[in-house]
>>> print(open('query_37.txt').read())   # compact mmCIF, C-alpha atoms
# COMPACT_ATOMS: atom_id res chain seq x y z
CA MET A 10 0.00 0.00 0.00
CA THR A 11 1.38 3.40 -0.95
CA ASN A 12 0.09 6.86 -0.24
CA THR A 13 1.05 10.49 -0.49
CA PRO A 14 2.91 11.64 2.66
CA ASN A 15 0.68 13.44 5.18
CA THR A 16 -2.42 11.83 3.68
CA PRO A 17 -4.24 9.58 6.18
CA VAL A 18 -4.00 5.88 5.34
CA VAL A 19 -7.21 3.85 5.27
CA SER A 20 -6.28 0.70 7.16
CA ARG A 21 -7.64 -1.73 9.74
CA LEU A 22 -4.50 -0.99 11.74
CA PHE A 23 -6.12 2.25 12.88
CA GLU A 24 -9.50 0.81 13.77
CA PRO A 25 -10.40 0.55 17.47
CA ALA A 26 -10.53 -2.86 19.11
CA ARG A 27 -11.37 -4.47 22.42
CA LEU A 28 -9.08 -6.63 24.54
CA GLY A 29 -10.80 -7.96 27.62
CA ALA A 30 -12.11 -4.88 29.41
CA LEU A 31 -9.79 -2.56 27.48
CA ARG A 32 -10.88 -0.36 24.59
CA LEU A 33 -7.90 0.07 22.28
CA PRO A 34 -7.81 3.11 19.95
CA ASN A 35 -5.93 1.16 17.27
CA ARG A 36 -4.67 -2.35 16.53
CA LEU A 37 -0.95 -1.56 16.83
CA VAL A 38 0.76 -3.10 19.85
CA MET A 39 4.19 -2.10 21.09
CA ALA A 40 6.00 -5.41 21.51
CA PRO A 41 8.07 -6.12 24.65
CA MET A 42 11.74 -5.28 24.12
CA THR A 43 14.57 -5.69 26.63
CA ARG A 44 16.41 -2.37 26.89
CA ASN A 45 18.47 -2.76 30.13
CA ARG A 46 17.59 0.66 31.54
CA ALA A 47 16.49 -0.41 35.04
CA GLY A 48 18.64 -0.09 38.12
CA ALA A 49 21.05 -2.82 39.16
CA ASP A 50 18.44 -3.87 41.74
CA GLY A 51 15.75 -4.30 39.09
CA VAL A 52 13.85 -1.14 40.06
CA PRO A 53 12.54 0.78 37.02
CA LEU A 54 14.27 4.16 36.67
CA PRO A 55 12.48 7.46 35.90
CA ILE A 56 13.81 7.40 32.33
CA MET A 57 11.67 4.31 31.73
CA ALA A 58 8.53 6.30 32.56
CA THR A 59 9.56 8.85 29.95
CA TYR A 60 10.28 6.18 27.34
CA TYR A 61 6.96 4.39 27.68
CA ALA A 62 4.87 7.56 28.02
CA GLN A 63 6.35 8.80 24.75
CA ARG A 64 4.85 5.74 23.04
CA ALA A 65 1.42 5.89 24.70
CA SER A 66 -0.41 6.28 21.38
CA ALA A 67 0.07 2.53 20.76
CA GLY A 68 -3.17 0.62 21.06
CA LEU A 69 -1.44 -1.40 23.78
CA ILE A 70 2.07 -1.35 25.24
CA ILE A 71 3.48 -4.67 26.44
CA ALA A 72 6.31 -3.62 28.72
CA GLU A 73 9.64 -5.39 28.55
CA ALA A 74 10.49 -8.80 30.01
CA THR A 75 10.46 -8.53 33.81
CA THR A 76 11.68 -11.18 36.21
CA PRO A 77 9.26 -12.72 38.74
CA ASN A 78 11.99 -13.86 41.16
CA VAL A 79 15.70 -13.42 41.82
CA VAL A 80 16.96 -16.61 40.19
CA GLY A 81 15.01 -15.83 37.02
CA GLN A 82 17.13 -12.78 36.20
CA THR A 83 18.69 -12.95 32.76
CA TYR A 84 20.95 -9.93 32.14
CA PRO A 85 22.14 -6.86 34.08
CA ASP A 86 19.83 -3.89 34.55
CA ILE A 87 16.60 -5.62 33.61
CA PRO A 88 13.48 -4.82 35.65
CA ALA A 89 11.92 -7.08 38.26
CA ILE A 90 8.49 -7.30 39.90
CA HIS A 91 9.07 -9.39 43.03
CA GLY A 92 9.70 -6.69 45.64
CA GLU A 93 7.96 -3.60 47.01
CA ALA A 94 10.51 -1.26 45.44
CA HIS A 95 9.89 -2.89 42.05
CA VAL A 96 6.15 -2.33 42.39
CA ALA A 97 6.69 1.32 43.35
CA GLY A 98 9.08 1.86 40.42
CA TRP A 99 6.70 0.35 37.91
CA GLN A 100 3.83 2.36 39.39
CA ARG A 101 5.59 5.55 38.33
CA VAL A 102 5.80 4.14 34.79
CA THR A 103 2.14 3.11 34.56
CA GLU A 104 1.00 6.44 35.98
CA ALA A 105 2.97 8.30 33.30
CA VAL A 106 1.57 6.12 30.52
CA ARG A 107 -1.98 6.41 31.82
CA ALA A 108 -1.64 10.21 32.04
CA ALA A 109 -0.59 10.16 28.38
CA GLY A 110 -3.68 8.13 27.45
CA GLY A 111 -2.00 4.73 27.16
CA ARG A 112 -2.63 1.17 28.31
CA MET A 113 0.01 -1.34 29.50
CA PHE A 114 0.52 -5.03 30.13
CA LEU A 115 3.74 -6.31 31.71
CA GLN A 116 5.62 -9.30 30.33
CA LEU A 117 6.75 -11.82 32.98
CA GLN A 118 9.94 -13.67 32.04
CA HIS A 119 12.03 -16.22 33.93
CA GLY A 120 15.36 -16.76 32.18
CA GLY A 121 15.91 -20.37 33.20
CA ARG A 122 19.30 -21.39 31.82
CA ILE A 123 19.71 -17.91 30.29
CA GLY A 124 21.24 -16.34 33.35
CA HIS A 125 24.49 -16.17 35.25
CA PRO A 126 25.62 -16.07 38.89
CA ASP A 127 27.30 -12.72 38.15
CA ASN A 128 23.87 -11.29 37.33
CA SER A 129 21.53 -12.77 39.94
CA GLY A 130 23.94 -14.01 42.61
CA LEU A 131 22.34 -17.44 42.22
CA TRP A 132 23.03 -20.46 40.06
CA PRO A 133 20.59 -20.69 37.12
CA ILE A 134 17.93 -23.39 37.18
CA ALA A 135 16.27 -25.03 34.18
CA PRO A 136 14.22 -28.09 33.19
CA SER A 137 17.42 -30.06 32.55
CA PRO A 138 21.16 -29.45 33.12
CA ILE A 139 21.83 -28.39 29.53
CA PRO A 140 23.78 -25.13 29.14
CA LEU A 141 23.05 -22.32 26.74
CA PRO A 142 25.42 -22.78 23.75
CA ASP A 143 26.48 -19.15 23.91
CA THR A 144 27.84 -16.50 26.23
CA VAL A 145 25.75 -14.50 28.69
CA PHE A 146 26.17 -10.75 29.15
CA THR A 147 27.17 -9.79 32.71
CA PRO A 148 28.35 -6.59 34.41
CA GLY A 149 31.87 -7.72 33.50
CA GLY A 150 31.02 -8.32 29.84
CA HIS A 151 30.23 -11.55 28.03
CA ARG A 152 30.93 -14.68 30.08
CA PRO A 153 30.66 -18.36 29.14
CA SER A 154 27.29 -19.81 30.11
CA VAL A 155 27.12 -22.20 33.04
CA VAL A 156 25.43 -25.59 33.28
CA PRO A 157 22.09 -24.90 34.98
CA ARG A 158 20.85 -26.99 37.86
CA GLU A 159 17.85 -29.20 37.07
CA MET A 160 14.76 -27.92 38.84
CA THR A 161 13.29 -30.09 41.56
CA LEU A 162 9.54 -30.62 41.75
CA ASP A 163 9.43 -28.27 44.74
CA GLU A 164 11.25 -25.61 42.71
CA ILE A 165 8.82 -26.04 39.82
CA ARG A 166 5.87 -25.54 42.17
CA ALA A 167 7.54 -22.55 43.82
CA THR A 168 8.23 -20.96 40.44
CA VAL A 169 4.58 -21.31 39.45
CA VAL A 170 3.67 -19.48 42.67
CA ASP A 171 6.27 -16.80 41.91
CA PHE A 172 4.65 -16.11 38.54
CA ALA A 173 1.25 -15.73 40.22
CA THR A 174 2.66 -13.42 42.88
CA ALA A 175 4.43 -11.34 40.24
CA ALA A 176 1.14 -10.99 38.38
CA ARG A 177 -0.58 -9.66 41.50
CA ASN A 178 2.32 -7.26 42.00
CA ALA A 179 1.91 -6.05 38.42
CA ILE A 180 -1.75 -5.24 39.01
CA ASP A 181 -0.77 -3.41 42.21
CA ALA A 182 1.72 -1.44 40.11
CA GLY A 183 -1.06 -0.25 37.81
CA PHE A 184 -0.74 -2.57 34.83
CA ALA A 185 -3.93 -3.62 33.05
CA GLY A 186 -2.60 -7.17 32.87
CA VAL A 187 0.43 -9.39 32.29
CA GLU A 188 1.86 -11.47 29.48
CA VAL A 189 3.43 -14.83 30.33
CA HIS A 190 6.60 -15.15 28.24
CA ALA A 191 6.57 -18.70 26.87
CA ALA A 192 8.76 -17.84 23.87
CA ASN A 193 12.27 -17.01 22.66
CA GLY A 194 14.13 -19.70 24.56
CA TYR A 195 13.48 -18.64 28.15
CA LEU A 196 12.33 -20.91 30.97
CA VAL A 197 8.78 -21.71 29.88
CA HIS A 198 9.98 -22.32 26.32
CA GLN A 199 12.80 -24.50 27.67
CA PHE A 200 10.16 -26.81 29.16
CA LEU A 201 8.37 -27.03 25.79
CA ALA A 202 11.41 -27.95 23.69
CA GLN A 203 12.91 -31.44 23.43
CA GLY A 204 16.43 -30.05 23.18
CA THR A 205 16.26 -28.37 26.60
CA ASN A 206 13.85 -30.69 28.40
CA ARG A 207 15.23 -34.19 28.97
CA ARG A 208 13.15 -34.86 32.07
CA THR A 209 11.60 -38.27 32.65
CA ASP A 210 9.00 -37.16 35.19
CA ALA A 211 5.56 -35.59 34.62
CA TYR A 212 7.15 -32.39 33.25
CA GLY A 213 9.08 -34.05 30.44
CA GLY A 214 8.87 -36.73 27.78
CA PRO A 215 5.78 -36.56 25.55
CA VAL A 216 4.09 -33.32 24.54
CA ALA A 217 1.57 -33.56 27.37
CA GLY A 218 4.42 -33.52 29.87
CA ARG A 219 6.43 -30.76 28.25
CA ILE A 220 3.48 -28.35 28.03
CA ARG A 221 2.48 -29.00 31.65
CA PHE A 222 4.65 -26.26 33.21
CA ALA A 223 3.40 -23.63 30.77
CA VAL A 224 -0.21 -24.57 31.42
CA GLU A 225 0.29 -24.53 35.19
CA VAL A 226 1.93 -21.11 35.08
CA VAL A 227 -0.82 -19.58 32.96
CA ARG A 228 -3.54 -21.17 35.08
CA ALA A 229 -1.98 -19.88 38.31
CA VAL A 230 -1.60 -16.38 36.88
CA ALA A 231 -5.20 -16.41 35.61
CA GLU A 232 -6.48 -17.53 38.99
CA ALA A 233 -4.46 -14.79 40.69
CA ILE A 234 -5.63 -11.80 38.62
CA GLY A 235 -8.41 -13.07 36.33
CA PRO A 236 -7.97 -14.60 32.87
CA GLU A 237 -9.18 -11.38 31.19
CA ARG A 238 -5.96 -9.75 32.42
CA VAL A 239 -3.61 -12.43 31.07
CA GLY A 240 -1.85 -12.89 27.74
CA VAL A 241 0.61 -15.57 26.59
CA ARG A 242 3.45 -15.18 24.12
CA ILE A 243 4.71 -18.14 22.08
CA SER A 244 7.26 -18.44 19.25
CA PRO A 245 6.66 -21.67 17.32
CA GLY A 246 9.74 -22.86 15.45
CA PHE A 247 12.08 -20.35 17.11
CA THR A 248 15.69 -21.61 17.12
CA GLY A 249 17.52 -18.74 18.82
CA ASN A 250 19.09 -19.14 22.26
CA GLY A 251 19.97 -22.73 21.37
CA ILE A 252 16.35 -23.92 21.20
CA ASP A 253 15.48 -27.16 19.38
CA GLU A 254 11.78 -27.87 19.78
CA GLY A 255 11.90 -31.13 17.88
CA ASP A 256 8.16 -31.46 17.31
CA THR A 257 6.85 -27.94 16.77
CA GLU A 258 3.77 -29.11 14.85
CA SER A 259 2.69 -31.22 17.84
CA ILE A 260 3.60 -28.87 20.71
CA TYR A 261 1.60 -25.79 19.85
CA PRO A 262 -1.84 -27.13 18.90
CA ALA A 263 -1.78 -29.11 22.17
CA LEU A 264 -0.58 -26.12 24.21
CA VAL A 265 -2.99 -23.64 22.64
CA GLY A 266 -5.88 -26.04 23.15
CA GLU A 267 -5.08 -26.29 26.87
CA LEU A 268 -4.65 -22.53 27.17
CA ALA A 269 -7.98 -21.91 25.46
CA ASP A 270 -9.72 -23.79 28.29
CA ILE A 271 -8.18 -21.31 30.78
CA GLY A 272 -9.42 -18.36 28.73
CA PRO A 273 -6.64 -15.73 28.68
CA ALA A 274 -7.37 -12.39 27.02
CA TYR A 275 -4.98 -13.00 24.16
CA LEU A 276 -2.42 -15.23 22.50
CA HIS A 277 0.66 -13.46 21.13
CA ILE A 278 2.46 -15.33 18.34
CA ALA A 279 6.00 -14.10 17.68
CA PHE A 280 7.56 -14.35 14.20
CA ALA A 281 4.17 -15.07 12.67
CA GLY A 282 3.71 -15.33 8.93
CA PRO A 283 0.42 -15.29 7.04
CA ASP A 284 1.74 -18.07 4.78
CA GLN A 285 2.58 -20.41 7.66
CA PRO A 286 0.16 -23.37 7.93
CA LEU A 287 0.76 -23.56 11.69
CA PHE A 288 -0.29 -19.92 12.10
CA HIS A 289 -3.64 -20.72 10.50
CA ASP A 290 -4.01 -23.91 12.56
CA LEU A 291 -3.46 -21.94 15.78
CA ARG A 292 -5.85 -19.20 14.65
CA ARG A 293 -8.56 -21.83 14.19
CA THR A 294 -7.78 -23.39 17.58
CA TRP A 295 -7.59 -20.12 19.51
CA PRO A 296 -11.04 -18.63 20.29
CA GLY A 297 -9.84 -15.33 21.75
CA ALA A 298 -7.93 -12.29 20.59
CA LEU A 299 -4.78 -13.03 18.61
CA ILE A 300 -1.77 -10.69 18.52
CA ALA A 301 0.65 -11.50 15.70
CA ASN A 302 4.24 -10.29 15.55
CA PRO A 303 5.52 -10.33 11.94
CA VAL A 304 8.71 -11.85 10.61
CA LEU A 305 10.99 -8.91 9.74
CA PRO A 306 14.68 -8.79 8.76
CA TRP A 307 17.05 -9.52 11.65
CA PRO A 308 19.87 -8.80 11.83
CA GLY A 309 19.69 -5.96 9.39
CA PRO A 310 17.60 -2.84 8.93
CA LEU A 311 13.84 -2.73 9.10
CA PRO A 312 11.90 -2.22 5.89
CA ALA A 313 11.16 1.42 5.17
CA ASP A 314 7.55 1.02 6.32
CA GLY A 315 8.62 -0.41 9.69
CA GLY A 316 6.66 -3.60 9.06
CA ARG A 317 3.31 -2.05 8.11
CA HIS A 318 2.89 -4.18 4.99
CA GLU A 319 3.44 -7.41 6.93
CA ALA A 320 1.14 -6.15 9.67
CA GLU A 321 -1.61 -5.63 7.09
CA ARG A 322 -1.08 -9.16 5.75
CA LEU A 323 -1.40 -10.61 9.25
CA LEU A 324 -4.64 -8.77 9.91
CA ALA A 325 -5.98 -10.10 6.62
CA ALA A 326 -4.91 -13.62 7.66
CA GLY A 327 -6.90 -13.52 10.89
CA ALA A 328 -4.89 -11.61 13.50
CA ASP A 329 -6.84 -9.15 15.64
CA LEU A 330 -3.85 -7.01 16.63
CA VAL A 331 -0.27 -6.72 15.39
CA SER A 332 2.81 -6.06 17.53
CA LEU A 333 5.83 -4.17 16.27
CA GLY A 334 9.10 -3.78 18.15
CA ARG A 335 11.96 -1.83 16.64
CA ALA A 336 9.62 0.49 14.73
CA PHE A 337 8.12 1.65 18.05
CA LEU A 338 11.58 1.80 19.61
CA ALA A 339 12.78 4.37 17.06
CA ASN A 340 9.50 6.22 16.55
CA PRO A 341 7.66 7.47 19.63
CA ASP A 342 4.88 8.65 17.31
CA LEU A 343 4.81 5.52 15.16
CA VAL A 344 1.02 5.32 14.99
CA GLU A 345 0.76 8.83 13.53
CA ARG A 346 3.66 8.29 11.14
CA LEU A 347 2.05 5.15 9.76
CA ARG A 348 -1.36 6.82 9.65
CA ILE A 349 -0.14 9.63 7.38
CA GLY A 350 2.62 7.74 5.56
CA ALA A 351 5.46 9.82 7.04
CA PRO A 352 9.08 8.54 6.91
CA LEU A 353 10.33 6.57 9.91
CA ASN A 354 13.41 7.16 12.03
CA PRO A 355 16.11 4.50 11.50
CA VAL A 356 17.01 2.30 14.46
CA ARG A 357 20.36 3.00 16.10
CA ASP A 358 21.43 -0.59 16.73
CA GLU A 359 24.44 0.38 18.85
CA HIS A 360 22.09 1.78 21.50
CA LEU A 361 19.65 -1.12 21.81
CA MET A 362 20.89 -2.85 24.98
CA TYR A 363 23.51 -2.71 27.74
CA VAL A 364 24.46 0.92 27.09
CA GLY A 365 22.09 2.79 29.42
CA GLY A 366 21.13 6.45 29.25
CA GLU A 367 18.91 8.57 27.00
CA THR A 368 20.82 8.09 23.75
CA GLY A 369 18.93 5.72 21.50
CA TYR A 370 16.18 5.49 24.12
CA THR A 371 14.27 8.70 24.79
CA ASP A 372 15.93 11.01 22.25
CA TYR A 373 14.34 9.79 19.00
CA PRO A 374 12.66 12.77 17.27
CA VAL A 375 8.95 13.10 16.59
CA LEU A 376 7.45 14.44 13.38
CA ASP A 377 8.25 18.07 14.09
CA GLY A 378 11.93 17.11 14.33
CA THR A 379 12.43 17.73 18.03
CA PRO A 380 13.80 15.07 20.39
CA ARG A 381 11.09 13.61 22.55
CA ASN A 382 12.67 13.85 26.02
CA GLY A 383 9.49 14.48 27.95
CA THR A 384 5.98 13.17 28.34
CA PRO A 385 3.77 13.77 25.29
CA GLU A 386 0.36 15.34 25.30
CA PRO A 387 -2.34 12.82 26.26
CA ALA A 388 -3.37 10.50 23.45
CA VAL A 389 -7.01 10.04 22.53
CA PRO A 390 -8.29 7.30 24.88
>>> encode(input="query_37.txt", output="C-alpha cells")
Amino acid sequence: MTNTPNTPVVSRLFEPARLGALRLPNRLVMAPMTRNRAGADGVPLPIMATYYAQRASAGLIIAEATTPNVVGQTYPDIPAIHGEAHVAGWQRVTEAVRAAGGRMFLQLQHGGRIGHPDNSGLWPIAPSPIPLPDTVFTPGGHRPSVVPREMTLDEIRATVVDFATAARNAIDAGFAGVEVHAANGYLVHQFLAQGTNRRTDAYGGPVAGRIRFAVEVVRAVAEAIGPERVGVRISPGFTGNGIDEGDTESIYPALVGELADIGPAYLHIAFAGPDQPLFHDLRRTWPGALIANPVLPWPGPLPADGGRHEAERLLAAGADLVSLGRAFLANPDLVERLRIGAPLNPVRDEHLMYVGGETGYTDYPVLDGTPRNGTPEPAVP
C-alpha cells in the first residue's frame, strides 16, 4: 500500500478494538523489548517512565520482560516485579503512561538457563542441566554460560507461585494485565522444547508432559488476577538461544488447546507469517484475541515502512492485533507516522541494549523534528 505523505491511510491498523475490558484506539501493539535501563536492583528508573509515556499512542504497550523472582534474572539492569521497590518503580511508569492516554501489560519472564551467577547471585535453574550454547552478558562483559541446575519438583511448584505473585504485583503497580513469556528460549519455552527438556518425570517426555509447566503457570496467573488480564506469548519454530523444539507441529496445537480452556485475554504469536500453515491452525484453535508479531529482517535494517505491509497481511490472515518492536523503539509517534505515511526514524542498533542512558532510548525525534525527552500530550483514549 502506498500513499502520499501526510495523507491519512485507510487501514484496519487504525480501527479501534477491544481486549478484555480494554478499549484500544488502534490495533498496533508495542512489543516487549529488553532495553536494560532499570537499576542494578531491578527497580525501574524514571527514564523508563519517559520512554513508555512517549509511546502511549500505541493501542497497547506490552512492557519489557520482567523477572518474577531473583533466580530468574537474565541480564544486568533488567526490571523485576518481586519486591515492594519494584512495584513502586513500575507504578511511576504506569502512571505516566496512563496520564498520556496509554494502556500497559507487563511481560513476565524467567530466564531459566539464560542467566548467570554474576547477574543474579544465584546459580541458574532449568528443566534439565543443559547449558546455553552461547555467552551470557554480565556486568563484566560476556561470560561463558554455566550448566544450569535441574529444577526439583518443589522448585517447579515454587516458580509457578512466583509467577502468580508477580502478576498480582503487576496489578498493584497499575498494569492492566500481564503477558506470560513462553517464547524465545526462556524458561517456559525451555520446558516445551525437546532439546532443553530431557526430564523423565511428569514435566518431560511426551508433549503432554512438556506443556504441563506452561499450562500450570498460565492457570496460576489467571487464577491470581483473572484470565481477562492475562496474555501468553509463544514463538513456534524459534531456534535462537539454542532452542530445538523437535516437534513444533505437535507442541503448539496441544498447548494452545489447553490454554484456550483457561481463557486468557490474548495469544501473542511471535515471528508469525500469514503463509505459515501452523499460524492458521493456531488461529482456528484459539477462540480469543490473537496478537501477531511479523517476521521482519534480523539482523539488518527494518523495511522502510517499519513492518506495516506485513502487519496488514497478518490482519488479513486472521490476527486481531499486530505487535511491532523496533519500529516503536525508534519512533515514539509511530502510529501517527504510519497513519499519514510519514518517513520513519532509523534504528540506532548500537544503543539497543547494555548501554544505558537517554541516547537511542528517549531522544528519538517526533514528526516536528524535536527530540522527545518528555511526556507527550495525552493521546485520545
>>> closest_residue(input="query_37.txt", among="A:Ala301, A:Val227, A:Leu338, A:Leu131", to="Phe288 of chain A", atoms="all atoms listed in the file")
A:Ala301
>>> closest_residue(input="query_37.txt", among="A:Gln118, A:Leu361, A:Val230, A:Pro138", to="Ile271 of chain A", atoms="all atoms listed in the file")
A:Val230
>>> atom_distance(input="query_37.txt", atom1="atom CA of Phe200 of chain A", atom2="atom CA of Arg219 of chain A")
5.5 Å
>>> atom_distance(input="query_37.txt", atom1="atom CA of Pro133 of chain A", atom2="atom CA of Pro245 of chain A")
24.2 Å
>>> atom_distance(input="query_37.txt", atom1="atom CA of Ala192 of chain A", atom2="atom CA of Ser244 of chain A")
4.9 Å
>>> closest_residue(input="query_37.txt", among="A:Ile252, A:Val356, A:Ala229, A:Ala49", to="Pro85 of chain A", atoms="all atoms listed in the file")
A:Ala49
>>> residues_around(input="query_37.txt", residues="Pro142 of chain A", least_positions_apart="2", cutoff="12 Å", atoms="all atoms listed in the file", output="PyMOL selection string")
chain A and resi 122-123+139-140+144-145+152-157+194+204-205+248-253
>>> residues_near_point(input="query_37.txt", point="(2.1, -15.4, 26.6)", cutoff="6 Å", atoms="only C-alpha atoms", output="list in words")
Glu188, Val189, His190, Ala191, Gly240, Val241, Arg242, Ile243 and His277 of chain A
>>> residues_near_point(input="query_37.txt", point="(12.9, 10.6, 13.6)", cutoff="8 Å", atoms="all atoms listed in the file", output="compact mmCIF listing (two decimals) with C-alpha atoms, in the frame of the given file")
# COMPACT_ATOMS: atom_id res chain seq x y z
CA ALA A 339 12.78 4.37 17.06
CA ASN A 340 9.50 6.22 16.55
CA PRO A 352 9.08 8.54 6.91
CA LEU A 353 10.33 6.57 9.91
CA ASN A 354 13.41 7.16 12.03
CA PRO A 355 16.11 4.50 11.50
CA TYR A 373 14.34 9.79 19.00
CA PRO A 374 12.66 12.77 17.27
CA VAL A 375 8.95 13.10 16.59
CA LEU A 376 7.45 14.44 13.38
CA GLY A 378 11.93 17.11 14.33
>>> closest_residue(input="query_37.txt", among="A:Ala47, A:Ile300, A:Val344, A:Ala30", to="Gly282 of chain A", atoms="all atoms listed in the file")
A:Ile300
>>> closest_residue(input="query_37.txt", among="A:His95, A:His119, A:Arg221, A:Arg208", to="Asn193 of chain A", atoms="only C-alpha atoms")
A:His119
>>> closest_residue(input="query_37.txt", among="A:Phe146, A:Tyr275, A:Tyr370, A:Phe114", to="Asp86 of chain A", atoms="all atoms listed in the file")
A:Phe146
>>> residues_around(input="query_37.txt", residues="Leu323 of chain A", least_positions_apart="4", cutoff="12 Å", atoms="only C-alpha atoms", output="PyMOL selection string")
chain A and resi 21-22+36-37+278-285+288-289+292+299-304+316-319+327-333
>>> write_last_selection(input="query_37.txt", atoms="C-alpha atoms", output="CSV table (one decimal), in the frame of the given file")
chain,number,residue,atom,x,y,z
A,21,ARG,CA,-7.6,-1.7,9.7
A,22,LEU,CA,-4.5,-1.0,11.7
A,36,ARG,CA,-4.7,-2.4,16.5
A,37,LEU,CA,-1.0,-1.6,16.8
A,278,ILE,CA,2.5,-15.3,18.3
A,279,ALA,CA,6.0,-14.1,17.7
A,280,PHE,CA,7.6,-14.4,14.2
A,281,ALA,CA,4.2,-15.1,12.7
A,282,GLY,CA,3.7,-15.3,8.9
A,283,PRO,CA,0.4,-15.3,7.0
A,284,ASP,CA,1.7,-18.1,4.8
A,285,GLN,CA,2.6,-20.4,7.7
A,288,PHE,CA,-0.3,-19.9,12.1
A,289,HIS,CA,-3.6,-20.7,10.5
A,292,ARG,CA,-5.8,-19.2,14.6
A,299,LEU,CA,-4.8,-13.0,18.6
A,300,ILE,CA,-1.8,-10.7,18.5
A,301,ALA,CA,0.6,-11.5,15.7
A,302,ASN,CA,4.2,-10.3,15.6
A,303,PRO,CA,5.5,-10.3,11.9
A,304,VAL,CA,8.7,-11.8,10.6
A,316,GLY,CA,6.7,-3.6,9.1
A,317,ARG,CA,3.3,-2.0,8.1
A,318,HIS,CA,2.9,-4.2,5.0
A,319,GLU,CA,3.4,-7.4,6.9
A,327,GLY,CA,-6.9,-13.5,10.9
A,328,ALA,CA,-4.9,-11.6,13.5
A,329,ASP,CA,-6.8,-9.2,15.6
A,330,LEU,CA,-3.8,-7.0,16.6
A,331,VAL,CA,-0.3,-6.7,15.4
A,332,SER,CA,2.8,-6.1,17.5
A,333,LEU,CA,5.8,-4.2,16.3
>>> residues_around(input="query_37.txt", residues="segment 161-173 of chain A", least_positions_apart="4", cutoff="7 Å", atoms="all atoms listed in the file", output="count of residues only")
8
>>> residues_around(input="query_37.txt", residues="Arg46 of chain A", least_positions_apart="5", cutoff="9 Å", atoms="all atoms listed in the file", output="ChimeraX atom specification")
/A:53-54,56-57,86-88,362-366,370
>>> axis_aligned_box(input="query_37.txt", around="segment 285-296 of chain A", padding_each_side="8 Å", output="JSON")
{"center_x": -4.2, "center_y": -21.3, "center_z": 14.0, "size_x": 29.6, "size_y": 21.3, "size_z": 28.6}
